[in-house]
Amino acid sequence: MTSDDFENMLMRHEGVRLSLYKCSEGFNTIGVGRNLDSNGISLDEAMLLMRNDVDKAARDLGTHFPIVHELDSNRYYVLVNMVFNLGLVGISRFKKMWAAISSRDYEQAALEMLDSKWADQVGNRAVELSEIMKTGEYNG
């Protein structure tokens, strides 16, 4: 048996589920029998998931808001960060922020970011991101 044969057999036996489910023993499980309650995920797996989610957020952002391709990288990543957190529907609700970005009024865009329920929910994250939007500078 090759490793590919073994993987195919294991997937056939365990099944492949791409969303969270309870296994027959009641454990939160995902993928090919990954017991999240007992095993969780590794840092490498967390980073892979994050990178995949960031790639999707960036694709969605660029498709629905093409103006982002005209921004400097710091402001672009602010918006990717927001899509990562809020989703595309959530960031779409920031009408005044998008109007300010379209006018290249980044100070107003930053103010609009802070004048939101999102800013109240995420606190310092919103403060940091709005400052980057306003200045275009990131000082990691």
# chains A, B, ... in the order shown; residues from 1 in each chain; ligands from 1
call {"tool": "residues_around", "arguments": {"residues": "Ala99 in chain A", "least_positions_apart": "2", "cutoff": "12 Å", "atoms": "only C-alpha atoms", "output": "PyMOL selection string"}}
result
chain A and resi 65+67+92-97+101-110+112-113
call {"tool": "select_by_dssp", "arguments": {"residues": "chain A", "states": "strand (DSSP E or B)", "output": "MDAnalysis selection string"}}
result
chainID A and resid 17:22 28:31 34:35
call {"tool": "atom_distance", "arguments": {"atom1": "CA of Ser24 in chain A", "atom2": "CA of Met9 in chain A"}}
result
19.4 Å
call {"tool": "select_by_dssp", "arguments": {"residues": "range 81-121 of chain A", "states": "helix (DSSP H, G or I)", "output": "VMD selection string"}}
result
chain A and resid 81 to 92 95 to 102 106 to 114 117 to 121
call {"tool": "write_last_selection", "arguments": {"atoms": "N, CA and C atoms", "output": "CSV table (one decimal), in the first residue's frame"}}
result
chain,number,residue,atom,x,y,z
A,81,ASN,N,-7.6,43.6,6.0
A,81,ASN,CA,-7.8,43.3,7.4
A,81,ASN,C,-9.3,43.5,7.8
A,82,MET,N,-9.9,44.5,7.3
A,82,MET,CA,-11.3,44.7,7.6
A,82,MET,C,-12.2,43.7,7.0
A,83,VAL,N,-11.9,43.3,5.7
A,83,VAL,CA,-12.7,42.2,5.1
A,83,VAL,C,-12.5,40.9,5.8
A,84,PHE,N,-11.3,40.6,6.2
A,84,PHE,CA,-11.0,39.4,7.0
A,84,PHE,C,-11.8,39.4,8.2
A,85,ASN,N,-12.0,40.5,8.9
A,85,ASN,CA,-12.8,40.6,10.1
A,85,ASN,C,-14.3,40.7,9.9
A,86,LEU,N,-14.7,41.5,9.0
A,86,LEU,CA,-16.1,41.8,8.8
A,86,LEU,C,-16.8,41.0,7.7
A,87,GLY,N,-16.0,40.5,6.7
A,87,GLY,CA,-16.5,39.9,5.5
A,87,GLY,C,-16.8,41.0,4.5
A,88,LEU,N,-17.1,40.6,3.3
A,88,LEU,CA,-17.3,41.6,2.2
A,88,LEU,C,-18.6,42.3,2.5
A,89,VAL,N,-19.7,41.7,2.9
A,89,VAL,CA,-20.9,42.3,3.2
A,89,VAL,C,-20.7,43.4,4.3
A,90,GLY,N,-20.0,43.1,5.3
A,90,GLY,CA,-19.8,44.0,6.4
A,90,GLY,C,-19.0,45.3,5.9
A,91,ILE,N,-18.0,45.1,5.2
A,91,ILE,CA,-17.2,46.3,4.7
A,91,ILE,C,-18.0,47.1,3.7
A,92,SER,N,-18.9,46.4,3.0
A,92,SER,CA,-19.7,47.1,2.0
A,92,SER,C,-20.6,48.2,2.7
A,95,LYS,N,-20.3,52.9,3.6
A,95,LYS,CA,-20.5,53.8,2.4
A,95,LYS,C,-19.7,55.1,2.4
A,96,LYS,N,-19.8,55.7,3.6
A,96,LYS,CA,-19.1,57.0,3.7
A,96,LYS,C,-17.5,56.8,3.6
A,97,MET,N,-17.1,55.7,4.2
A,97,MET,CA,-15.6,55.4,4.1
A,97,MET,C,-15.2,55.2,2.6
A,98,TRP,N,-16.0,54.4,1.9
A,98,TRP,CA,-15.7,54.2,0.5
A,98,TRP,C,-15.8,55.5,-0.3
A,99,ALA,N,-16.7,56.3,0.0
A,99,ALA,CA,-16.8,57.6,-0.7
A,99,ALA,C,-15.5,58.5,-0.5
A,100,ALA,N,-15.1,58.5,0.8
A,100,ALA,CA,-13.9,59.2,1.1
A,100,ALA,C,-12.7,58.6,0.4
A,101,ILE,N,-12.6,57.3,0.4
A,101,ILE,CA,-11.4,56.6,-0.3
A,101,ILE,C,-11.5,57.0,-1.8
A,102,SER,N,-12.6,57.0,-2.4
A,102,SER,CA,-12.8,57.3,-3.8
A,102,SER,C,-12.3,58.8,-4.1
A,106,TYR,N,-8.3,60.4,2.8
A,106,TYR,CA,-8.0,59.3,3.7
A,106,TYR,C,-8.2,59.7,5.2
A,107,GLU,N,-8.1,61.0,5.5
A,107,GLU,CA,-8.4,61.4,6.8
A,107,GLU,C,-9.9,61.2,7.1
A,108,GLN,N,-10.7,61.6,6.2
A,108,GLN,CA,-12.2,61.4,6.4
A,108,GLN,C,-12.5,59.9,6.4
A,109,ALA,N,-11.8,59.1,5.5
A,109,ALA,CA,-12.0,57.6,5.5
A,109,ALA,C,-11.7,57.1,6.9
A,110,ALA,N,-10.6,57.5,7.5
A,110,ALA,CA,-10.3,57.1,8.9
A,110,ALA,C,-11.3,57.5,9.9
A,111,LEU,N,-11.9,58.7,9.8
A,111,LEU,CA,-12.9,59.1,10.7
A,111,LEU,C,-14.2,58.2,10.6
A,112,GLU,N,-14.5,57.9,9.3
A,112,GLU,CA,-15.7,57.0,9.1
A,112,GLU,C,-15.5,55.6,9.6
A,113,MET,N,-14.2,55.2,9.6
A,113,MET,CA,-14.0,53.8,10.2
A,113,MET,C,-14.2,53.9,11.7
A,114,LEU,N,-13.8,55.0,12.3
A,114,LEU,CA,-14.0,55.1,13.8
A,114,LEU,C,-15.4,55.3,14.2
A,117,LYS,N,-20.1,50.9,14.5
A,117,LYS,CA,-20.3,49.8,15.5
A,117,LYS,C,-19.1,48.9,15.6
A,118,TRP,N,-18.5,48.7,14.4
A,118,TRP,CA,-17.3,47.9,14.3
A,118,TRP,C,-16.2,48.4,15.1
A,119,ALA,N,-15.9,49.7,15.1
A,119,ALA,CA,-14.9,50.3,15.9
A,119,ALA,C,-15.1,50.1,17.4
A,120,ASP,N,-16.4,50.2,17.8
A,120,ASP,CA,-16.7,50.0,19.2
A,120,ASP,C,-16.4,48.5,19.6
A,121,GLN,N,-16.7,47.6,18.6
A,121,GLN,CA,-16.5,46.2,18.9
A,121,GLN,C,-15.0,45.8,19.0
call {"tool": "atom_distance", "arguments": {"atom1": "CA of Gly33 in chain A", "atom2": "CA of Glu45 in chain A"}}
result
15.1 Å
call {"tool": "residues_around", "arguments": {"residues": "Tyr76 in chain A", "least_positions_apart": "4", "cutoff": "12 Å", "atoms": "only C-alpha atoms", "output": "list in words"}}
result
Ala57, Ala58, Arg59, Leu61, Gly62, Phe65, Pro66, Ile67, Val68, His69, Glu70, Leu71, Asp72, Val80, Asn81, Met82, Val83, Ile101, Tyr106, Leu129, Ile132, Met133, Gly136, Glu137 and Tyr138 of chain A
call {"tool": "atom_distance", "arguments": {"atom1": "CA of Thr135 in chain A", "atom2": "CA of Asp115 in chain A"}}
result
17.6 Å
call {"tool": "closest_residue", "arguments": {"among": "A:Glu128, A:Glu7, A:Asp44, A:Asp55", "to": "Val32 in chain A", "atoms": "only C-alpha atoms"}}
result
A:Glu7
call {"tool": "decode", "arguments": {"residues": "range 93-119 of chain A", "atoms": "C-alpha atoms", "output": "PDB file, in the first residue's frame"}}
result
ATOM      1  CA  ARG A  93     -21.783  48.917   4.646  1.00  0.00           C
ATOM      2  CA  PHE A  94     -19.065  51.549   5.119  1.00  0.00           C
ATOM      3  CA  LYS A  95     -20.548  53.772   2.378  1.00  0.00           C
ATOM      4  CA  LYS A  96     -19.054  57.032   3.664  1.00  0.00           C
ATOM      5  CA  MET A  97     -15.621  55.434   4.086  1.00  0.00           C
ATOM      6  CA  TRP A  98     -15.710  54.190   0.487  1.00  0.00           C
ATOM      7  CA  ALA A  99     -16.801  57.632  -0.734  1.00  0.00           C
ATOM      8  CA  ALA A 100     -13.874  59.213   1.117  1.00  0.00           C
ATOM      9  CA  ILE A 101     -11.440  56.641  -0.303  1.00  0.00           C
ATOM     10  CA  SER A 102     -12.767  57.340  -3.800  1.00  0.00           C
ATOM     11  CA  SER A 103     -12.049  61.033  -3.208  1.00  0.00           C
ATOM     12  CA  ARG A 104      -8.589  60.223  -1.821  1.00  0.00           C
ATOM     13  CA  ASP A 105      -9.675  61.824   1.466  1.00  0.00           C
ATOM     14  CA  TYR A 106      -7.959  59.321   3.729  1.00  0.00           C
ATOM     15  CA  GLU A 107      -8.387  61.432   6.849  1.00  0.00           C
ATOM     16  CA  GLN A 108     -12.166  61.355   6.366  1.00  0.00           C
ATOM     17  CA  ALA A 109     -12.039  57.638   5.544  1.00  0.00           C
ATOM     18  CA  ALA A 110     -10.258  57.077   8.873  1.00  0.00           C
ATOM     19  CA  LEU A 111     -12.911  59.080  10.715  1.00  0.00           C
ATOM     20  CA  GLU A 112     -15.660  57.048   9.056  1.00  0.00           C
ATOM     21  CA  MET A 113     -13.953  53.849  10.162  1.00  0.00           C
ATOM     22  CA  LEU A 114     -13.990  55.059  13.761  1.00  0.00           C
ATOM     23  CA  ASP A 115     -17.608  56.223  13.555  1.00  0.00           C
ATOM     24  CA  SER A 116     -18.984  52.694  13.454  1.00  0.00           C
ATOM     25  CA  LYS A 117     -20.302  49.833  15.529  1.00  0.00           C
ATOM     26  CA  TRP A 118     -17.290  47.858  14.263  1.00  0.00           C
ATOM     27  CA  ALA A 119     -14.878  50.332  15.896  1.00  0.00           C
TER      28      ALA A 119
END
